[in-house]
>>> print(open('upload_38.cif').read())   # mmCIF, C-alpha atoms
data_protein
#
loop_
_atom_site.group_PDB
_atom_site.id
_atom_site.type_symbol
_atom_site.label_atom_id
_atom_site.label_comp_id
_atom_site.auth_asym_id
_atom_site.auth_seq_id
_atom_site.Cartn_x
_atom_site.Cartn_y
_atom_site.Cartn_z
ATOM 1 C CA MET A 755 16.840 126.046 18.037
ATOM 2 C CA ASP A 756 13.993 124.729 20.190
ATOM 3 C CA LEU A 757 12.322 121.514 19.089
ATOM 4 C CA HIS A 758 8.889 123.135 18.865
ATOM 5 C CA GLN A 759 10.236 125.472 16.154
ATOM 6 C CA ILE A 760 10.577 122.672 13.612
ATOM 7 C CA ASP A 761 8.090 120.328 11.991
ATOM 8 C CA LEU A 762 9.170 116.870 13.167
ATOM 9 C CA ASN A 763 7.878 115.375 9.919
ATOM 10 C CA LEU A 764 10.814 117.068 8.214
ATOM 11 C CA LEU A 765 13.166 114.891 10.248
ATOM 12 C CA ILE A 766 11.436 111.823 8.798
ATOM 13 C CA ILE A 767 12.131 113.215 5.318
ATOM 14 C CA PHE A 768 15.734 113.852 6.283
ATOM 15 C CA ASP A 769 16.182 110.307 7.618
ATOM 16 C CA ALA A 770 14.695 108.743 4.474
ATOM 17 C CA LEU A 771 16.945 110.756 2.173
ATOM 18 C CA TYR A 772 20.030 110.033 4.260
ATOM 19 C CA ARG A 773 19.351 106.305 3.937
ATOM 20 C CA GLN A 774 18.298 106.251 0.279
ATOM 21 C CA ARG A 775 20.495 109.058 -1.162
ATOM 22 C CA SER A 776 17.781 109.461 -3.794
ATOM 23 C CA VAL A 777 14.802 111.837 -3.716
ATOM 24 C CA SER A 778 12.575 109.471 -5.677
ATOM 25 C CA LEU A 779 13.399 106.441 -3.502
ATOM 26 C CA ALA A 780 13.144 108.455 -0.282
ATOM 27 C CA ALA A 781 9.786 109.916 -1.338
ATOM 28 C CA GLU A 782 8.508 106.410 -2.024
ATOM 29 C CA ASP A 783 9.851 105.257 1.349
ATOM 30 C CA VAL A 784 7.733 107.821 3.248
ATOM 31 C CA CYS A 785 4.748 107.620 0.877
ATOM 32 C CA LEU A 786 5.030 111.151 -0.513
ATOM 33 C CA SER A 787 5.101 112.470 -4.037
ATOM 34 C CA GLN A 788 8.498 113.696 -5.247
ATOM 35 C CA SER A 789 7.110 117.212 -5.390
ATOM 36 C CA ALA A 790 5.899 117.099 -1.750
ATOM 37 C CA PHE A 791 9.161 115.522 -0.650
ATOM 38 C CA SER A 792 11.242 118.207 -2.407
ATOM 39 C CA HIS A 793 9.080 120.917 -0.870
ATOM 40 C CA GLY A 794 9.665 119.448 2.622
ATOM 41 C CA LEU A 795 13.411 119.200 2.016
ATOM 42 C CA ALA A 796 13.503 122.857 0.949
ATOM 43 C CA ARG A 797 11.699 123.870 4.167
ATOM 44 C CA LEU A 798 14.197 121.927 6.263
ATOM 45 C CA ARG A 799 17.137 123.512 4.445
ATOM 46 C CA ARG A 800 15.759 126.998 5.092
ATOM 47 C CA ARG A 801 15.020 126.230 8.729
ATOM 48 C CA LEU A 802 18.514 124.852 9.391
ATOM 49 C CA ASN A 803 20.286 127.223 6.982
ATOM 50 C CA ASP A 804 22.225 124.341 5.446
ATOM 51 C CA GLU A 805 22.004 122.502 2.129
ATOM 52 C CA LEU A 806 22.135 119.168 4.000
ATOM 53 C CA PHE A 807 22.312 117.183 0.735
ATOM 54 C CA ILE A 808 24.158 118.063 -2.493
ATOM 55 C CA ARG A 809 23.555 116.226 -5.755
ATOM 56 C CA ILE A 810 26.777 114.634 -7.014
ATOM 57 C CA ASN A 811 26.663 112.172 -9.925
ATOM 58 C CA ASN A 812 22.876 111.761 -9.469
ATOM 59 C CA THR A 813 23.331 110.879 -5.782
ATOM 60 C CA MET A 814 22.298 113.084 -2.874
ATOM 61 C CA GLN A 815 25.443 113.340 -0.757
ATOM 62 C CA PRO A 816 25.114 114.548 2.869
ATOM 63 C CA THR A 817 26.929 117.619 4.109
ATOM 64 C CA ASP A 818 28.993 117.492 7.269
ATOM 65 C CA ARG A 819 26.089 118.816 9.289
ATOM 66 C CA ALA A 820 23.796 116.190 7.776
ATOM 67 C CA HIS A 821 26.200 113.429 8.852
ATOM 68 C CA LYS A 822 26.183 114.727 12.427
ATOM 69 C CA MET A 823 22.379 115.031 12.459
ATOM 70 C CA ALA A 824 22.000 111.515 11.109
ATOM 71 C CA GLN A 825 24.107 110.058 13.921
ATOM 72 C CA SER A 826 21.778 111.518 16.553
ATOM 73 C CA LEU A 827 18.568 110.772 14.652
ATOM 74 C CA SER A 828 19.599 107.133 14.184
ATOM 75 C CA LEU A 829 19.349 106.855 17.976
ATOM 76 C CA ALA A 830 16.324 109.083 18.527
ATOM 77 C CA LEU A 831 13.921 107.942 15.801
ATOM 78 C CA PRO A 832 13.708 104.293 16.928
ATOM 79 C CA PHE A 833 12.671 105.498 20.394
ATOM 80 C CA LEU A 834 9.995 107.754 18.886
ATOM 81 C CA ARG A 835 8.675 104.912 16.722
ATOM 82 C CA SER A 836 8.627 102.626 19.741
ATOM 83 C CA ALA A 837 6.691 105.190 21.793
ATOM 84 C CA ILE A 838 4.029 105.411 19.087
ATOM 85 C CA ASN A 839 3.820 101.761 18.130
ATOM 86 C CA ASN A 840 4.552 100.068 21.442
ATOM 87 C CA ILE A 841 1.644 97.782 22.307
ATOM 88 C CA ASP A 842 1.190 96.426 25.796
ATOM 89 C CA THR A 843 1.671 92.664 25.652
ATOM 90 C CA PHE A 844 0.298 89.936 27.862
ATOM 91 C CA ASP A 845 1.480 86.368 28.289
ATOM 92 C CA ALA A 846 -1.121 84.416 30.257
ATOM 93 C CA LEU A 847 1.294 81.635 31.204
ATOM 94 C CA THR A 848 3.851 83.939 32.830
ATOM 95 C CA ASP A 849 1.796 86.938 33.981
ATOM 96 C CA HIS A 850 1.609 87.591 37.753
ATOM 97 C CA SER A 851 -1.097 90.265 37.806
ATOM 98 C CA GLU A 852 -3.446 90.632 40.765
ATOM 99 C CA PHE A 853 -7.043 91.738 40.197
ATOM 100 C CA LYS A 854 -9.555 92.945 42.787
ATOM 101 C CA ILE A 855 -13.197 92.341 41.898
ATOM 102 C CA SER A 856 -16.399 93.444 43.634
ATOM 103 C CA ALA A 857 -19.444 91.204 43.301
ATOM 104 C CA THR A 858 -22.687 90.114 44.940
ATOM 105 C CA ASP A 859 -23.277 86.563 46.130
ATOM 106 C CA TYR A 860 -25.319 85.891 42.976
ATOM 107 C CA THR A 861 -22.389 86.893 40.776
ATOM 108 C CA GLU A 862 -20.000 84.762 42.810
ATOM 109 C CA PHE A 863 -22.346 81.778 42.574
ATOM 110 C CA SER A 864 -23.117 82.153 38.879
ATOM 111 C CA LEU A 865 -19.792 83.223 37.377
ATOM 112 C CA LEU A 866 -16.981 82.595 39.831
ATOM 113 C CA PRO A 867 -16.676 78.800 39.389
ATOM 114 C CA HIS A 868 -16.427 79.202 35.614
ATOM 115 C CA LEU A 869 -14.063 82.171 35.913
ATOM 116 C CA VAL A 870 -11.698 80.449 38.329
ATOM 117 C CA GLY A 871 -11.551 77.424 36.053
ATOM 118 C CA GLN A 872 -10.762 79.563 33.010
ATOM 119 C CA VAL A 873 -8.082 81.634 34.725
ATOM 120 C CA SER A 874 -6.371 78.782 36.581
ATOM 121 C CA ARG A 875 -5.978 76.790 33.364
ATOM 122 C CA GLN A 876 -4.749 79.615 31.166
ATOM 123 C CA ALA A 877 -2.971 81.944 33.618
ATOM 124 C CA PRO A 878 -1.883 79.910 36.662
ATOM 125 C CA ASN A 879 0.031 82.795 38.291
ATOM 126 C CA ILE A 880 -2.758 85.379 38.259
ATOM 127 C CA LYS A 881 -4.361 86.156 41.633
ATOM 128 C CA LEU A 882 -7.995 87.167 42.164
ATOM 129 C CA THR A 883 -9.438 88.884 45.223
ATOM 130 C CA VAL A 884 -13.218 89.210 45.451
ATOM 131 C CA ILE A 885 -14.852 91.698 47.827
ATOM 132 C CA ALA A 886 -18.530 92.138 48.600
ATOM 133 C CA ALA A 887 -20.313 94.779 46.544
ATOM 134 C CA LYS A 888 -21.320 97.654 48.816
ATOM 135 C CA ALA A 889 -23.579 99.646 46.518
ATOM 136 C CA PRO A 890 -26.098 98.948 43.731
ATOM 137 C CA HIS A 891 -23.896 100.653 41.138
ATOM 138 C CA PRO A 892 -20.181 99.781 40.929
ATOM 139 C CA LEU A 893 -19.059 103.336 40.154
ATOM 140 C CA MET A 894 -18.081 103.982 43.769
ATOM 141 C CA HIS A 895 -15.665 101.039 43.925
ATOM 142 C CA LEU A 896 -13.965 102.015 40.668
ATOM 143 C CA THR A 897 -13.641 105.754 41.235
ATOM 144 C CA ASN A 898 -12.218 105.126 44.706
ATOM 145 C CA ASP A 899 -9.696 102.734 43.133
ATOM 146 C CA GLU A 900 -10.819 99.953 45.481
ATOM 147 C CA VAL A 901 -11.160 97.399 42.704
ATOM 148 C CA ASP A 902 -10.042 96.739 39.138
ATOM 149 C CA PHE A 903 -13.381 95.268 38.009
ATOM 150 C CA ALA A 904 -16.858 95.608 39.455
ATOM 151 C CA PHE A 905 -19.917 93.541 38.680
ATOM 152 C CA GLY A 906 -23.353 95.086 38.654
ATOM 153 C CA PHE A 907 -26.789 94.260 37.322
ATOM 154 C CA SER A 908 -29.207 96.267 35.238
ATOM 155 C CA HIS A 909 -32.148 95.827 32.913
ATOM 156 C CA HIS A 910 -30.830 98.198 30.248
ATOM 157 C CA ASN A 911 -27.552 99.285 28.674
ATOM 158 C CA GLU A 912 -25.536 101.856 30.589
ATOM 159 C CA SER A 913 -22.834 104.317 29.537
ATOM 160 C CA SER A 914 -20.397 106.630 31.309
ATOM 161 C CA SER A 915 -17.659 109.027 30.299
ATOM 162 C CA THR A 916 -15.195 107.430 32.740
ATOM 163 C CA ILE A 917 -16.405 103.844 33.159
ATOM 164 C CA SER A 918 -16.535 101.155 30.465
ATOM 165 C CA SER A 919 -18.798 98.130 30.723
ATOM 166 C CA GLN A 920 -19.603 94.875 29.007
ATOM 167 C CA THR A 921 -22.454 92.421 29.513
ATOM 168 C CA CYS A 922 -21.156 89.116 30.839
ATOM 169 C CA LEU A 923 -24.435 87.337 31.383
ATOM 170 C CA THR A 924 -27.978 87.792 30.151
ATOM 171 C CA ASP A 925 -30.558 85.810 32.065
ATOM 172 C CA ARG A 926 -34.325 85.378 32.248
ATOM 173 C CA TYR A 927 -36.355 85.423 35.426
ATOM 174 C CA CYS A 928 -38.357 82.551 36.830
ATOM 175 C CA THR A 929 -40.693 82.154 39.785
ATOM 176 C CA VAL A 930 -39.717 79.577 42.378
ATOM 177 C CA ALA A 931 -41.802 77.664 44.920
ATOM 178 C CA ARG A 932 -41.246 74.601 47.086
ATOM 179 C CA LYS A 933 -42.090 71.224 45.662
ATOM 180 C CA GLY A 934 -45.473 70.045 46.881
ATOM 181 C CA HIS A 935 -46.814 73.602 47.156
ATOM 182 C CA SER A 936 -50.461 73.366 48.252
ATOM 183 C CA THR A 937 -51.773 75.881 45.679
ATOM 184 C CA LEU A 938 -49.568 75.256 42.652
ATOM 185 C CA LYS A 939 -50.910 72.212 40.848
ATOM 186 C CA GLY A 940 -50.377 73.404 37.274
ATOM 187 C CA GLU A 941 -49.707 76.665 35.487
ATOM 188 C CA LEU A 942 -48.824 79.718 37.546
ATOM 189 C CA THR A 943 -51.477 82.279 36.649
ATOM 190 C CA LEU A 944 -51.430 85.965 37.464
ATOM 191 C CA GLU A 945 -54.392 85.477 39.803
ATOM 192 C CA ILE A 946 -52.535 82.840 41.810
ATOM 193 C CA TYR A 947 -49.326 84.881 41.674
ATOM 194 C CA LEU A 948 -51.009 87.885 43.278
ATOM 195 C CA SER A 949 -52.943 85.823 45.819
ATOM 196 C CA LEU A 950 -49.782 84.375 47.378
ATOM 197 C CA SER A 951 -47.139 86.129 49.466
ATOM 198 C CA HIS A 952 -43.649 86.751 48.110
ATOM 199 C CA VAL A 953 -39.976 86.986 48.957
ATOM 200 C CA ARG A 954 -38.192 90.038 47.549
ATOM 201 C CA ILE A 955 -34.433 90.003 47.042
ATOM 202 C CA SER A 956 -33.072 93.432 47.895
ATOM 203 C CA PRO A 957 -29.269 93.518 48.229
ATOM 204 C CA TRP A 958 -29.203 97.150 49.376
ATOM 205 C CA GLY A 959 -32.587 97.479 51.080
ATOM 206 C CA GLU A 960 -34.529 98.724 48.061
ATOM 207 C CA LYS A 961 -38.261 98.918 48.680
ATOM 208 C CA GLN A 962 -39.107 98.060 45.088
ATOM 209 C CA GLY A 963 -37.588 95.600 42.618
ATOM 210 C CA ILE A 964 -38.086 94.958 38.927
ATOM 211 C CA VAL A 965 -41.119 92.737 39.627
ATOM 212 C CA ASP A 966 -42.792 95.506 41.624
ATOM 213 C CA GLU A 967 -42.048 97.999 38.851
ATOM 214 C CA VAL A 968 -43.638 95.762 36.202
ATOM 215 C CA LEU A 969 -46.722 95.187 38.362
ATOM 216 C CA ALA A 970 -47.040 98.905 39.151
ATOM 217 C CA LYS A 971 -47.220 99.712 35.430
ATOM 218 C CA GLN A 972 -50.277 97.429 35.316
ATOM 219 C CA LYS A 973 -51.647 99.081 38.485
ATOM 220 C CA LEU A 974 -51.075 95.849 40.380
ATOM 221 C CA LYS A 975 -49.222 95.063 43.586
ATOM 222 C CA ARG A 976 -47.940 91.914 45.261
ATOM 223 C CA ASN A 977 -47.714 91.158 48.958
ATOM 224 C CA VAL A 978 -44.058 90.962 50.025
ATOM 225 C CA MET A 979 -43.895 89.009 53.266
ATOM 226 C CA LEU A 980 -40.104 88.694 53.424
ATOM 227 C CA GLN A 981 -37.257 90.845 52.105
ATOM 228 C CA LEU A 982 -33.693 89.498 51.978
ATOM 229 C CA PRO A 983 -30.331 90.810 50.730
ATOM 230 C CA SER A 984 -29.062 87.413 49.546
ATOM 231 C CA VAL A 985 -30.030 85.677 46.299
ATOM 232 C CA LEU A 986 -28.675 82.364 47.553
ATOM 233 C CA ALA A 987 -30.414 82.415 50.932
ATOM 234 C CA ALA A 988 -33.816 83.355 49.521
ATOM 235 C CA PRO A 989 -34.774 79.973 47.922
ATOM 236 C CA HIS A 990 -34.158 78.176 51.235
ATOM 237 C CA THR A 991 -36.879 80.272 52.884
ATOM 238 C CA LEU A 992 -39.447 78.639 50.574
ATOM 239 C CA LEU A 993 -38.887 75.090 51.809
ATOM 240 C CA HIS A 994 -41.249 75.364 54.778
ATOM 241 C CA SER A 995 -43.682 77.973 53.475
ATOM 242 C CA ASP A 996 -45.986 78.730 50.554
ATOM 243 C CA LEU A 997 -44.074 81.860 49.599
ATOM 244 C CA LEU A 998 -43.069 82.612 46.006
ATOM 245 C CA LEU A 999 -39.727 83.975 44.862
ATOM 246 C CA THR A 1000 -38.933 85.538 41.484
ATOM 247 C CA MET A 1001 -35.224 85.380 40.705
ATOM 248 C CA PRO A 1002 -32.682 84.878 37.868
ATOM 249 C CA ARG A 1003 -33.230 81.491 36.228
ATOM 250 C CA LEU A 1004 -29.583 80.425 36.097
ATOM 251 C CA ALA A 1005 -29.150 80.484 39.863
ATOM 252 C CA ALA A 1006 -32.574 78.875 40.376
ATOM 253 C CA GLU A 1007 -31.725 76.002 38.023
ATOM 254 C CA GLN A 1008 -28.456 75.376 39.842
ATOM 255 C CA LEU A 1009 -30.121 75.472 43.275
ATOM 256 C CA SER A 1010 -32.943 73.162 42.153
ATOM 257 C CA THR A 1011 -30.391 70.332 41.980
ATOM 258 C CA LEU A 1012 -29.640 70.864 45.669
ATOM 259 C CA ILE A 1013 -32.970 71.696 47.311
ATOM 260 C CA ASP A 1014 -36.631 70.757 46.664
ATOM 261 C CA ILE A 1015 -37.875 73.701 44.635
ATOM 262 C CA GLN A 1016 -39.789 73.939 41.359
ATOM 263 C CA LEU A 1017 -39.523 76.604 38.663
ATOM 264 C CA PHE A 1018 -42.329 78.397 36.818
ATOM 265 C CA ASP A 1019 -42.480 81.006 34.085
ATOM 266 C CA PRO A 1020 -43.642 84.279 35.662
ATOM 267 C CA PRO A 1021 -47.169 85.346 34.613
ATOM 268 C CA ILE A 1022 -45.838 88.821 33.803
ATOM 269 C CA ALA A 1023 -43.285 89.970 31.229
ATOM 270 C CA ILE A 1024 -40.096 90.864 33.118
ATOM 271 C CA PRO A 1025 -37.126 92.397 31.244
ATOM 272 C CA ASP A 1026 -34.070 90.189 31.042
ATOM 273 C CA TYR A 1027 -31.434 90.515 33.706
ATOM 274 C CA HIS A 1028 -28.057 91.866 32.524
ATOM 275 C CA LEU A 1029 -24.998 91.126 34.596
ATOM 276 C CA ASN A 1030 -22.336 93.632 33.551
ATOM 277 C CA VAL A 1031 -18.660 93.993 34.357
ATOM 278 C CA TYR A 1032 -17.331 97.541 34.749
ATOM 279 C CA TRP A 1033 -13.800 98.950 34.681
ATOM 280 C CA HIS A 1034 -12.214 102.382 34.557
ATOM 281 C CA ARG A 1035 -11.485 103.629 31.041
ATOM 282 C CA LEU A 1036 -7.937 104.467 32.081
ATOM 283 C CA ASN A 1037 -7.300 100.712 32.091
ATOM 284 C CA SER A 1038 -9.048 99.917 28.797
ATOM 285 C CA ASP A 1039 -5.836 99.685 26.766
ATOM 286 C CA LYS A 1040 -4.011 97.393 29.176
ATOM 287 C CA ALA A 1041 -3.506 93.954 27.643
ATOM 288 C CA SER A 1042 -4.049 92.190 30.971
ATOM 289 C CA PHE A 1043 -7.398 93.953 31.450
ATOM 290 C CA GLN A 1044 -8.488 93.087 27.924
ATOM 291 C CA TRP A 1045 -7.632 89.452 28.563
ATOM 292 C CA MET A 1046 -9.638 89.413 31.811
ATOM 293 C CA GLN A 1047 -12.635 91.002 30.082
ATOM 294 C CA LYS A 1048 -12.688 88.087 27.630
ATOM 295 C CA GLN A 1049 -12.637 85.606 30.508
ATOM 296 C CA PHE A 1050 -15.536 87.343 32.255
ATOM 297 C CA CYS A 1051 -17.681 87.263 29.161
ATOM 298 C CA SER A 1052 -16.795 83.820 27.820
ATOM 299 C CA PHE A 1053 -19.466 82.242 30.022
ATOM 300 C CA ASN A 1054 -22.310 84.074 28.299
ATOM 301 C CA GLN A 1055 -20.893 83.068 24.911
ATOM 302 C CA LYS A 1056 -20.649 79.457 26.023
ATOM 303 C CA ARG A 1057 -24.285 79.474 27.200
ATOM 304 C CA ALA A 1058 -25.417 81.029 23.916
ATOM 305 C CA ASN A 1059 -23.627 78.309 21.944
ATOM 306 C CA THR A 1060 -25.271 75.518 23.920
ATOM 307 C CA LYS A 1061 -28.827 76.830 23.581
#
>>> encode(input="upload_38.cif", output="structure tokens")
Amino acid sequence: MDLHQIDLNLLIIFDALYRQRSVSLAAEDVCLSQSAFSHGLARLRRRLNDELFIRINNTMQPTDRAHKMAQSLSLALPFLRSAINNIDTFDALTDHSEFKISATDYTEFSLLPHLVGQVSRQAPNIKLTVIAAKAPHPLMHLTNDEVDFAFGFSHHNESSSTISSQTCLTDRYCTVARKGHSTLKGELTLEIYLSLSHVRISPWGEKQGIVDEVLAKQKLKRNVMLQLPSVLAAPHTLLHSDLLLTMPRLAAEQLSTLIDIQLFDPPIAIPDYHLNVYWHRLNSDKASFQWMQKQFCSFNQKRANTK
């Protein structure tokens, strides 16, 4: 008899009755009514053309065939249960996983110091390799199996049938200028904002950023004098000019402790910046991936708790 010709649930009934030798106890063991259990036992008897169990002195005694079946099932059923219930485990202290991550310089600057600290303390044997992001959306890196995780930014939630994502950092924008700027003596107004020239950060050569999109909706336009691919290089270009730069506040606050720049609230409403981490859904159930996802996103939680 081929395995597909029998309902495997009947083997669970058989196993319970072989162990309990009582229909009522076996039915309770597998959470069935006695009537449903007896019906299943009758089906199994017909399918195998054997009584399997005979009632003797109120005890269900196995036939010779039942004894032989039970010997094999006692080996097979634990493997089946293990296959269904086996959960991937992860021990941070002993794990030696290696993860490849794609990121921009902004992501490296904002998250990497925190991430390395978290991982090195909790999982000292894990290795991280960071490569430069080559495209505005991380899908390419993941589908080509170049990386395990990819960081990308957006101003809205994204979804995909093959890629999972989680927001690791939510940040506001600010406008940056050098200290001692000749025009900026107080509040940064829209009139002043539009009268000055700007630096646009464009990692992949985009001709329009979120600031330009917001201004365009108001039928306004700024003068972009300089376009750069690097978030970290851009603030340094302000030190000897009167240019303005609108960028994520977190990086600007960190850089303001190193160079002479001042931060202003933009005179326009810019959507918050979402830094997301992406991974292939095939890896979603892996315990090591789930652990890394928590490390990526712990920084945003820590910032939220300190505000």
>>> closest_residue(input="upload_38.cif", among="A:Ile760, A:Ile1013, A:Val930, A:Ile955", to="A:Val978", atoms="all atoms listed in the file")
A:Ile955
>>> residues_around(input="upload_38.cif", residues="A:Ser1042", least_positions_apart="6", cutoff="9 Å", atoms="all atoms listed in the file", output="PyMOL selection string")
chain A and resi 842-846+849+851
>>> write_last_selection(input="upload_38.cif", atoms="C-alpha atoms", output="PDB file, in the coordinates of the input")
ATOM      1  CA  ASP A 842       1.190  96.426  25.796  1.00  0.00           C
ATOM      2  CA  THR A 843       1.671  92.664  25.652  1.00  0.00           C
ATOM      3  CA  PHE A 844       0.298  89.936  27.862  1.00  0.00           C
ATOM      4  CA  ASP A 845       1.480  86.368  28.289  1.00  0.00           C
ATOM      5  CA  ALA A 846      -1.121  84.416  30.257  1.00  0.00           C
ATOM      6  CA  ASP A 849       1.796  86.938  33.981  1.00  0.00           C
ATOM      7  CA  SER A 851      -1.097  90.265  37.806  1.00  0.00           C
TER       8      SER A 851
END
>>> resolve_selection(input="upload_38.cif", expression="the PyMOL selection byres ((chain A and resi 763-777) around 7)", output="count of residues only")
16
>>> resolve_selection(input="upload_38.cif", expression="the PyMOL selection byres ((chain A and resi 902-907) around 10)", output="JSON, numbers by chain")
{"A": [852, 853, 854, 855, 856, 857, 858, 861, 862, 883, 884, 885, 886, 887, 889, 890, 891, 892, 893, 894, 895, 896, 897, 899, 900, 901, 908, 909, 910, 919, 920, 921, 922, 923, 924, 1027, 1028, 1029, 1030, 1031, 1032, 1033, 1034, 1037, 1043, 1046, 1047, 1050]}
>>> atom_distance(input="upload_38.cif", atom1="atom CA of A:Met1001", atom2="atom CA of A:Pro957")
12.6 Å
>>> atom_distance(input="upload_38.cif", atom1="atom CA of A:Ser956", atom2="atom CA of A:Val968")
15.9 Å
>>> build_atoms(input="upload_38.cif", residues="stretch 848-861 of chain A", atoms="N, CA and C atoms", output="compact mmCIF listing (two decimals), in the frame of the given file")
# COMPACT_ATOMS: atom_id res chain seq x y z
N THR A 848 2.81 83.39 31.96
CA THR A 848 3.85 83.94 32.83
C THR A 848 3.41 85.17 33.62
N ASP A 849 2.24 85.70 33.34
CA ASP A 849 1.80 86.94 33.98
C ASP A 849 1.48 86.70 35.46
N HIS A 850 1.85 87.68 36.31
CA HIS A 850 1.61 87.59 37.75
C HIS A 850 0.70 88.72 38.24
N SER A 851 -0.20 89.18 37.42
CA SER A 851 -1.10 90.26 37.81
C SER A 851 -2.02 89.84 38.94
N GLU A 852 -2.45 90.85 39.72
CA GLU A 852 -3.45 90.63 40.76
C GLU A 852 -4.65 91.53 40.47
N PHE A 853 -5.83 90.98 40.50
CA PHE A 853 -7.04 91.74 40.20
C PHE A 853 -8.00 91.69 41.38
N LYS A 854 -8.52 92.86 41.75
CA LYS A 854 -9.56 92.94 42.79
C LYS A 854 -10.90 93.13 42.10
N ILE A 855 -11.88 92.37 42.54
CA ILE A 855 -13.20 92.34 41.90
C ILE A 855 -14.28 92.49 42.96
N SER A 856 -15.25 93.34 42.73
CA SER A 856 -16.40 93.44 43.63
C SER A 856 -17.59 92.73 43.00
N ALA A 857 -18.33 92.00 43.82
CA ALA A 857 -19.44 91.20 43.30
C ALA A 857 -20.44 90.88 44.41
N THR A 858 -21.67 90.60 44.01
CA THR A 858 -22.69 90.11 44.94
C THR A 858 -22.58 88.60 45.05
N ASP A 859 -23.32 88.02 45.98
CA ASP A 859 -23.28 86.56 46.13
C ASP A 859 -23.82 85.87 44.89
N TYR A 860 -24.79 86.49 44.21
CA TYR A 860 -25.32 85.89 42.98
C TYR A 860 -24.24 85.81 41.91
N THR A 861 -23.46 86.89 41.76
CA THR A 861 -22.39 86.89 40.78
C THR A 861 -21.34 85.84 41.11
